[in-house]
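These notes concern the structure reproduced below.
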2 protein chains.
Amino acid sequence: MGRRARQAGRTLRSLPTARKAAALLAIARELRAREAEILAANARDVAAAQDAGLPAHMVDRLRLSAASLAAIAADVEAVAALPDPVGEQTEARRQPSGVEVSQRRVPLGVLGVIYESRPNVTVDVAALALMSGNAAILRGGKETVHSNAALEDAIRAALEGQGLPAGAVQVIRDPARERMLELLRLDEYVDAIIPRGGAGLHRFCVENATVPVIVGGIGVVHIYLDESFTRDPADVERAAAIVRNAKVQKPSACNALDTLLVDRAALDALPDVLRPLLADGVDLRADAESLGALRGAGLAAAPAADTDYGTEFLALVASVRVVSGLDEALDFIAEHGGHTDVILTRDAAQAERFVGDVDSAAVMVNASPRFNDGGQLGLGAEVAISTQKLHARGPMGLRELTTTKWVVRGEGQVRG
Amino acid sequence: MGRRARQAGRTLRSLPTARKAAALLAIARELRAREAEILAANARDVAAAQDAGLPAHMVDRLRLSAASLAAIAADVEAVAALPDPVGEQTEARRQPSGVEVSQRRVPLGVLGVIYESRPNVTVDVAALALMSGNAAILRGGKETVHSNAALEDAIRAALEGQGLPAGAVQVIRDPARERMLELLRLDEYVDAIIPRGGAGLHRFCVENATVPVIVGGIGVVHIYLDESFTRDPADVERAAAIVRNAKVQKPSACNALDTLLVDRAALDALPDVLRPLLADGVDLRADAESLGALRGAGLAAAPAADTDYGTEFLALVASVRVVSGLDEALDFIAEHGGHTDVILTRDAAQAERFVGDVDSAAVMVNASPRFNDGGQLGLGAEVAISTQKLHARGPMGLRELTTTKWVVRGEGQVRG
């Protein structure tokens with residue numbers, strides 16, 4: 001599979017944008033044409049999952065419908081319309097030796113993507129890999145073997161219909177863990193491993209891979225509420241809306257709020273900021289000082305344990321803590337941050353200090369941390385969200401699936 | 001050490017360029033002021049290496065002199081004058097949600113650099129790390145423990161004199177292999193491992209690290225000589241000069257020539273192209289066809305084995321092979337290439353095909369592969385040469401020691 005992917009990658013890397021887009025449109029057509037076959041395969045996975053006693057929410061995650069399949073096909077068409085980063089070139093500069101040098105953007109080559117139960121990932125990743133000129137080897141969850149096989153058949157038929165190598169997208173159909181381990185160590189043929197799933201999967205990849213891994217995994221999200229954002233009642237309403245959006249819109253997302261840091265001078269506004277969260281059933285865990293303010297206003301909250309800070313909840317739980325202004329907030333975030341951190345302030349100098357000092361994948365002023373997302377940041381689509389610093393940080397779109405090569409043009413120069 | 005480095009990194013990442021440059025100038029002064037002390041420490045390493053029976057060329061690699069120490073100090077001053085990539089920001093664009101998004105360049109954080117016997121690396125890497133706003137943990141060879149300790153003392157004194165944290169540059173003084181393994185697995189505190197040394201060191205890091213590794217290591221260098229570059233005798237001379245420069249100027253370098261591919265139609269020119277190499281004592285290993293052409297012209301060459309292709313020689317050895325034109329050359333390089341590949345041609349269309357198809361860190365037209373070097377490509381200085389595709393490809397200068405963060409500015413927006 002590695003050799004086939006490498007060979008296919010050589011064809012893909014030189015394809016003009018129009019041919020890559022045409023291949024994606026062909027995949028979308030093929031998915032629609034094979035609706036019955038794909039849904040039948042998916043039904044087998046769903047039945048097996050139910051027989052195995054998987055919890056209902058996990059069965060839901062692997063279930064496809066005519067509507068969701070149509071949405072998947074539409075997403076593929078959307079990727080076909082994205083700008084192609086391959087071939088972008090920096091301006092050539094002449095060096096003292098006389099040679100002209102520039103850098104050209106090229107595909108990474110072969111991607112290994114390892115993910116869990118959602119079969120839509122198979123198609124999403126295939127589309128993003130192809131559009132960025134990469135071959136892909138995909139390893140989905142064992143609960144979706146039949147769905148992924150049917151989706152691979154559709155993708156392969158579309159590629160062959162377009163005269164493209166079938167090795168461009170390959171699904172590992174054997175669910176044995178040994179096959180995943182082999183993929184992780186296939187550094188002769190695979191240029192990057194992208195895990196999509198929980199922290200355990202990411203850790204497993206980091207511990208076992210010799211191929212470079214782009215890690216997502218754990219990340220804590222903070223909002224710091226400054227006193228200056230609580231003077232105007234309209235701002236208190238904005239703060240409440242942002243905090244609620246951050247925690248409630250999608251609690252399972254990595255960019256959902258974990259810890260609210262509140263300026264001691266803003267403590268009076270805290271009950272109004274957090275009241276809407278309680279209506280949504282959020283479990284608030286507060287330090288002594290904020291707990292007093294909340295209970296004094298008749299709001300239900302529990303005392304926070306030390307482990308409620310620096311923890312990614314991925315659920316309707318949030319911790320609250322009072323800090324004595326921006327400096328303490330920055331120190332706290334330096335200790336616990338890393339994913340998405342927000343300041344709510346009307347003080348421009350404070351906003352600049354926060355943006356400069358906080359070293360997270362995304363730093364925000366007066367906006368919901370939920371904007372840390374490929375679509376919201378303008379990438380068009382994302383293959384994963386990186387929480388590491390090497391190569392890509394934050395959402396990874398088409399450009400993050402590319403690398404560069406140096407191009408040097410001379411007239412016979414040798415190095416002195 | 002990890003914790004101290006992380007703390008120091010927080011200070012370094014916000015330093016203005018002028019303060020970083022001042023710190024480097026202070027290091028250069030301190031190196032000069034401590035010349036006697038550093039050379040005495042180095043003499044202990046040299047004596048120990050001689051006692052241990054190290055080969056003379058290895059003892060030479062670890063030896064410092066007043067002149068080489070002065071050159072090291074001058075290199076630090078040169079890094080202080082380089083442009084600072086930290087703080088560069090993409091133009092902010094407004095998204096449909098109303099938030100403004102941009103990306104800002106920031107230091108990686110903490111670098112772990114593992115290298116072998118040359119003590120100048122300790123200073124080079126410290127200077128590049130500091131100038132790019134990073135803290136560094138350095139692990140040099142066990143043969144240079146005393147030299148590195150003296151250099152660390154000098155660096156630390158300079159940093160403290162500038163009011164900067166001593167944890168910014170830390171040298172692991174315990175040569176035990178266990179300490180290196182601990183560094184490789186310190187992913188809580190270290191953002192990237194950069195090995196500098198032979199393929200064995202790189203492989204050891206890849207096999208054992210949980211911190212992301214930027215791999216150098218093996219890379220094969222090809223030159224393809226097209227018939228169009230042999231019509232004019234002046235071009236044949238240019239080809240000979242490039243091939244000689246590529247092989248002889250520094251045979252131990254990763255960008256030195258390994259394999260010359262010669263267009264069958266250019267075979268008559270081959271003896272003139274390779275004659276100068278023989279005067280330099282290069283061991284030529286040729287396939288049957290090129291061997292015939294060389295011996296026919298009275299040149300000494302040996303028959304090539306299969307293992308002489310796709311092999312990095314790092315010595316005065318080169319393999320030669322006849323191909324039936326550009327297509328076969330491209331197929332051969334696709335199979336064996338990856339580092340630096342050169343075409344010598346007068347045909348612009350061929351040059352474009354070569355530049356487009358060859359997927360190497362550097363692709364060159366009519367120039368010596370020795371130009372694949374940080375200084376020659378205009379990076380000013382390099383901390384290492386990456387042969388992987390993730391994050392950085394080719395020479396790594398200050399910019400390659402940085403990452404980005406997203407900056408989002410809103411006016412109270414929440415995600416819909």
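Every chain in the structure tokens takes a letter, A first, then B, and so on in the order presented; its residues are numbered from 1, and the ligands are numbered from 1 following the presented order.
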As number ranges by chain, please: the residues near Arg118 (chain A) (cut-off 10 Å, only C-alpha atoms, same-chain neighbours under 2 positions excluded).
A: 58-64, 115-116, 120-122, 140-141, 143-144, 147-148, 197
Please write the residues from the selection above to a file, keeping N, CA and C atoms, as a short mmCIF file (atom, residue, chain, number, x, y, z; two decimals), in the first residue's frame.
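The new file result_12.cif reads:
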```cif
data_model
loop_
_atom_site.label_atom_id
_atom_site.label_comp_id
_atom_site.auth_asym_id
_atom_site.auth_seq_id
_atom_site.Cartn_x
_atom_site.Cartn_y
_atom_site.Cartn_z
N MET A 58 -22.96 6.58 20.28
CA MET A 58 -21.88 6.11 19.42
C MET A 58 -22.43 5.48 18.15
N VAL A 59 -23.54 4.79 18.29
CA VAL A 59 -24.19 4.23 17.09
C VAL A 59 -24.62 5.38 16.17
N ASP A 60 -25.14 6.44 16.78
CA ASP A 60 -25.56 7.60 15.98
C ASP A 60 -24.39 8.17 15.18
N ARG A 61 -23.22 8.21 15.78
CA ARG A 61 -22.07 8.82 15.11
C ARG A 61 -21.67 8.06 13.86
N LEU A 62 -21.95 6.75 13.83
CA LEU A 62 -21.53 6.01 12.64
C LEU A 62 -22.64 5.82 11.61
N ARG A 63 -23.85 6.29 11.96
CA ARG A 63 -24.98 6.07 11.06
C ARG A 63 -24.98 7.08 9.90
N LEU A 64 -25.16 6.59 8.68
CA LEU A 64 -25.35 7.46 7.51
C LEU A 64 -26.81 7.42 7.10
N TYR A 115 -8.50 7.50 12.21
CA TYR A 115 -9.65 8.17 12.82
C TYR A 115 -10.58 7.14 13.44
N GLU A 116 -11.61 7.66 14.09
CA GLU A 116 -12.49 6.75 14.80
C GLU A 116 -13.81 6.60 14.06
N ASN A 120 -17.98 9.69 7.54
CA ASN A 120 -17.84 10.86 6.67
C ASN A 120 -16.38 11.30 6.57
N VAL A 121 -15.58 10.98 7.61
CA VAL A 121 -14.16 11.38 7.59
C VAL A 121 -13.44 10.75 6.40
N THR A 122 -13.82 9.52 6.06
CA THR A 122 -13.20 8.83 4.92
C THR A 122 -13.28 9.69 3.66
N GLY A 140 -9.80 3.78 9.32
CA GLY A 140 -10.96 4.19 10.11
C GLY A 140 -11.19 3.23 11.27
N GLY A 141 -12.25 3.48 11.99
CA GLY A 141 -12.58 2.63 13.14
C GLY A 141 -13.08 1.27 12.71
N GLU A 143 -15.60 -0.18 13.74
CA GLU A 143 -17.07 -0.20 13.71
C GLU A 143 -17.61 0.19 12.35
N THR A 144 -16.75 0.74 11.46
CA THR A 144 -17.25 1.25 10.19
C THR A 144 -16.57 0.59 9.00
N SER A 147 -18.90 0.34 5.86
CA SER A 147 -19.17 1.67 5.29
C SER A 147 -17.92 2.18 4.57
N ASN A 148 -16.77 2.08 5.22
CA ASN A 148 -15.55 2.61 4.62
C ASN A 148 -15.17 1.85 3.36
N GLY A 197 -9.22 12.06 16.57
CA GLY A 197 -9.94 11.32 17.59
C GLY A 197 -9.56 11.84 18.96
#
```
Provide as an NGL selection string the residues of chain A at most 7 Å from chain B, counting only C-alpha atoms.
:A and (14 or 95 or 101 or 108 or 191 or 206-207 or 210 or 212 or 238 or 242 or 245 or 357 or 360-368 or 370-371 or 377-378 or 389-391 or 393 or 403-415)
Let's see if you can do this: from backbone DSSP, list all alpha helix (DSSP H) residues in region 116-252 of chain B, as a PyMOL selection string.
chain B and resi 120-131+145-161+177-184+199-208+233-248
If you count only C-alpha atoms, which residues fall within 10 Å of Leu164 (chain A), apart from same-chain ones fewer than 2 positions away, as a list in words?
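Counting only C-alpha atoms, the residues come to Ala8, Thr11, Leu12, Leu15, Arg19, Lys20, Ala23, Arg156, Ala157, Ala158, Leu159, Glu160, Gly161, Gln162, Ala166, Gly167 and Ala168 of chain A.
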Go ahead and write the selection's residues with N, CA and C atoms as a PDB file, in the first residue's frame.
```pdb
ATOM      1  N   ALA A   8       1.251   6.751  -6.745  1.00  0.00           N
ATOM      2  CA  ALA A   8       0.090   7.602  -7.058  1.00  0.00           C
ATOM      3  C   ALA A   8       0.408   9.062  -6.747  1.00  0.00           C
ATOM      4  N   THR A  11       1.941  10.987  -9.532  1.00  0.00           N
ATOM      5  CA  THR A  11       0.990  11.474 -10.535  1.00  0.00           C
ATOM      6  C   THR A  11       0.222  12.683  -9.997  1.00  0.00           C
ATOM      7  N   LEU A  12      -0.258  12.557  -8.767  1.00  0.00           N
ATOM      8  CA  LEU A  12      -1.112  13.609  -8.204  1.00  0.00           C
ATOM      9  C   LEU A  12      -0.382  14.941  -8.072  1.00  0.00           C
ATOM     10  N   LEU A  15      -0.680  17.242 -11.072  1.00  0.00           N
ATOM     11  CA  LEU A  15      -1.978  17.444 -11.733  1.00  0.00           C
ATOM     12  C   LEU A  15      -2.384  18.914 -11.699  1.00  0.00           C
ATOM     13  N   ARG A  19      -7.981  19.275 -13.088  1.00  0.00           N
ATOM     14  CA  ARG A  19      -8.151  17.814 -13.073  1.00  0.00           C
ATOM     15  C   ARG A  19      -8.435  17.317 -11.664  1.00  0.00           C
ATOM     16  N   LYS A  20      -7.827  17.949 -10.676  1.00  0.00           N
ATOM     17  CA  LYS A  20      -8.123  17.545  -9.300  1.00  0.00           C
ATOM     18  C   LYS A  20      -9.579  17.871  -8.963  1.00  0.00           C
ATOM     19  N   ALA A  23     -11.867  15.388 -10.529  1.00  0.00           N
ATOM     20  CA  ALA A  23     -11.873  14.111  -9.808  1.00  0.00           C
ATOM     21  C   ALA A  23     -12.800  14.195  -8.602  1.00  0.00           C
ATOM     22  N   ARG A 156     -12.669   5.008  -5.550  1.00  0.00           N
ATOM     23  CA  ARG A 156     -11.781   4.368  -6.514  1.00  0.00           C
ATOM     24  C   ARG A 156     -12.397   4.342  -7.911  1.00  0.00           C
ATOM     25  N   ALA A 157     -13.688   4.028  -7.980  1.00  0.00           N
ATOM     26  CA  ALA A 157     -14.358   4.007  -9.284  1.00  0.00           C
ATOM     27  C   ALA A 157     -14.297   5.394  -9.927  1.00  0.00           C
ATOM     28  N   ALA A 158     -14.526   6.410  -9.113  1.00  0.00           N
ATOM     29  CA  ALA A 158     -14.482   7.779  -9.650  1.00  0.00           C
ATOM     30  C   ALA A 158     -13.082   8.110 -10.151  1.00  0.00           C
ATOM     31  N   LEU A 159     -12.061   7.755  -9.371  1.00  0.00           N
ATOM     32  CA  LEU A 159     -10.680   8.058  -9.770  1.00  0.00           C
ATOM     33  C   LEU A 159     -10.333   7.336 -11.059  1.00  0.00           C
ATOM     34  N   GLU A 160     -10.703   6.056 -11.136  1.00  0.00           N
ATOM     35  CA  GLU A 160     -10.363   5.301 -12.341  1.00  0.00           C
ATOM     36  C   GLU A 160     -11.095   5.867 -13.551  1.00  0.00           C
ATOM     37  N   GLY A 161     -12.326   6.293 -13.336  1.00  0.00           N
ATOM     38  CA  GLY A 161     -13.080   6.926 -14.417  1.00  0.00           C
ATOM     39  C   GLY A 161     -12.404   8.198 -14.916  1.00  0.00           C
ATOM     40  N   GLN A 162     -11.626   8.829 -14.060  1.00  0.00           N
ATOM     41  CA  GLN A 162     -10.920  10.061 -14.433  1.00  0.00           C
ATOM     42  C   GLN A 162      -9.492   9.777 -14.888  1.00  0.00           C
ATOM     43  N   ALA A 166      -5.684   4.337  -8.791  1.00  0.00           N
ATOM     44  CA  ALA A 166      -6.524   3.890  -7.678  1.00  0.00           C
ATOM     45  C   ALA A 166      -5.756   3.951  -6.368  1.00  0.00           C
ATOM     46  N   GLY A 167      -4.434   3.894  -6.424  1.00  0.00           N
ATOM     47  CA  GLY A 167      -3.627   3.957  -5.211  1.00  0.00           C
ATOM     48  C   GLY A 167      -3.646   5.324  -4.539  1.00  0.00           C
ATOM     49  N   ALA A 168      -4.331   6.278  -5.147  1.00  0.00           N
ATOM     50  CA  ALA A 168      -4.362   7.627  -4.582  1.00  0.00           C
ATOM     51  C   ALA A 168      -5.078   7.652  -3.237  1.00  0.00           C
TER      52      ALA A 168
END
```
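What separates CA of Ala67 (chain B) from CA of Val79 (chain B) is a distance of 18.6 Å.
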Coordinates-based distance that separates CA of Ile218 (chain A) from CA of Tyr189 (chain B) (Å, one decimal):
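It comes out at 14.6 Å.
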Grab the CA of Arg139 (chain A) to CA of Val113 (chain A) distance for me, in Å with one decimal place.
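Interatomic distance here is 6.2 Å.
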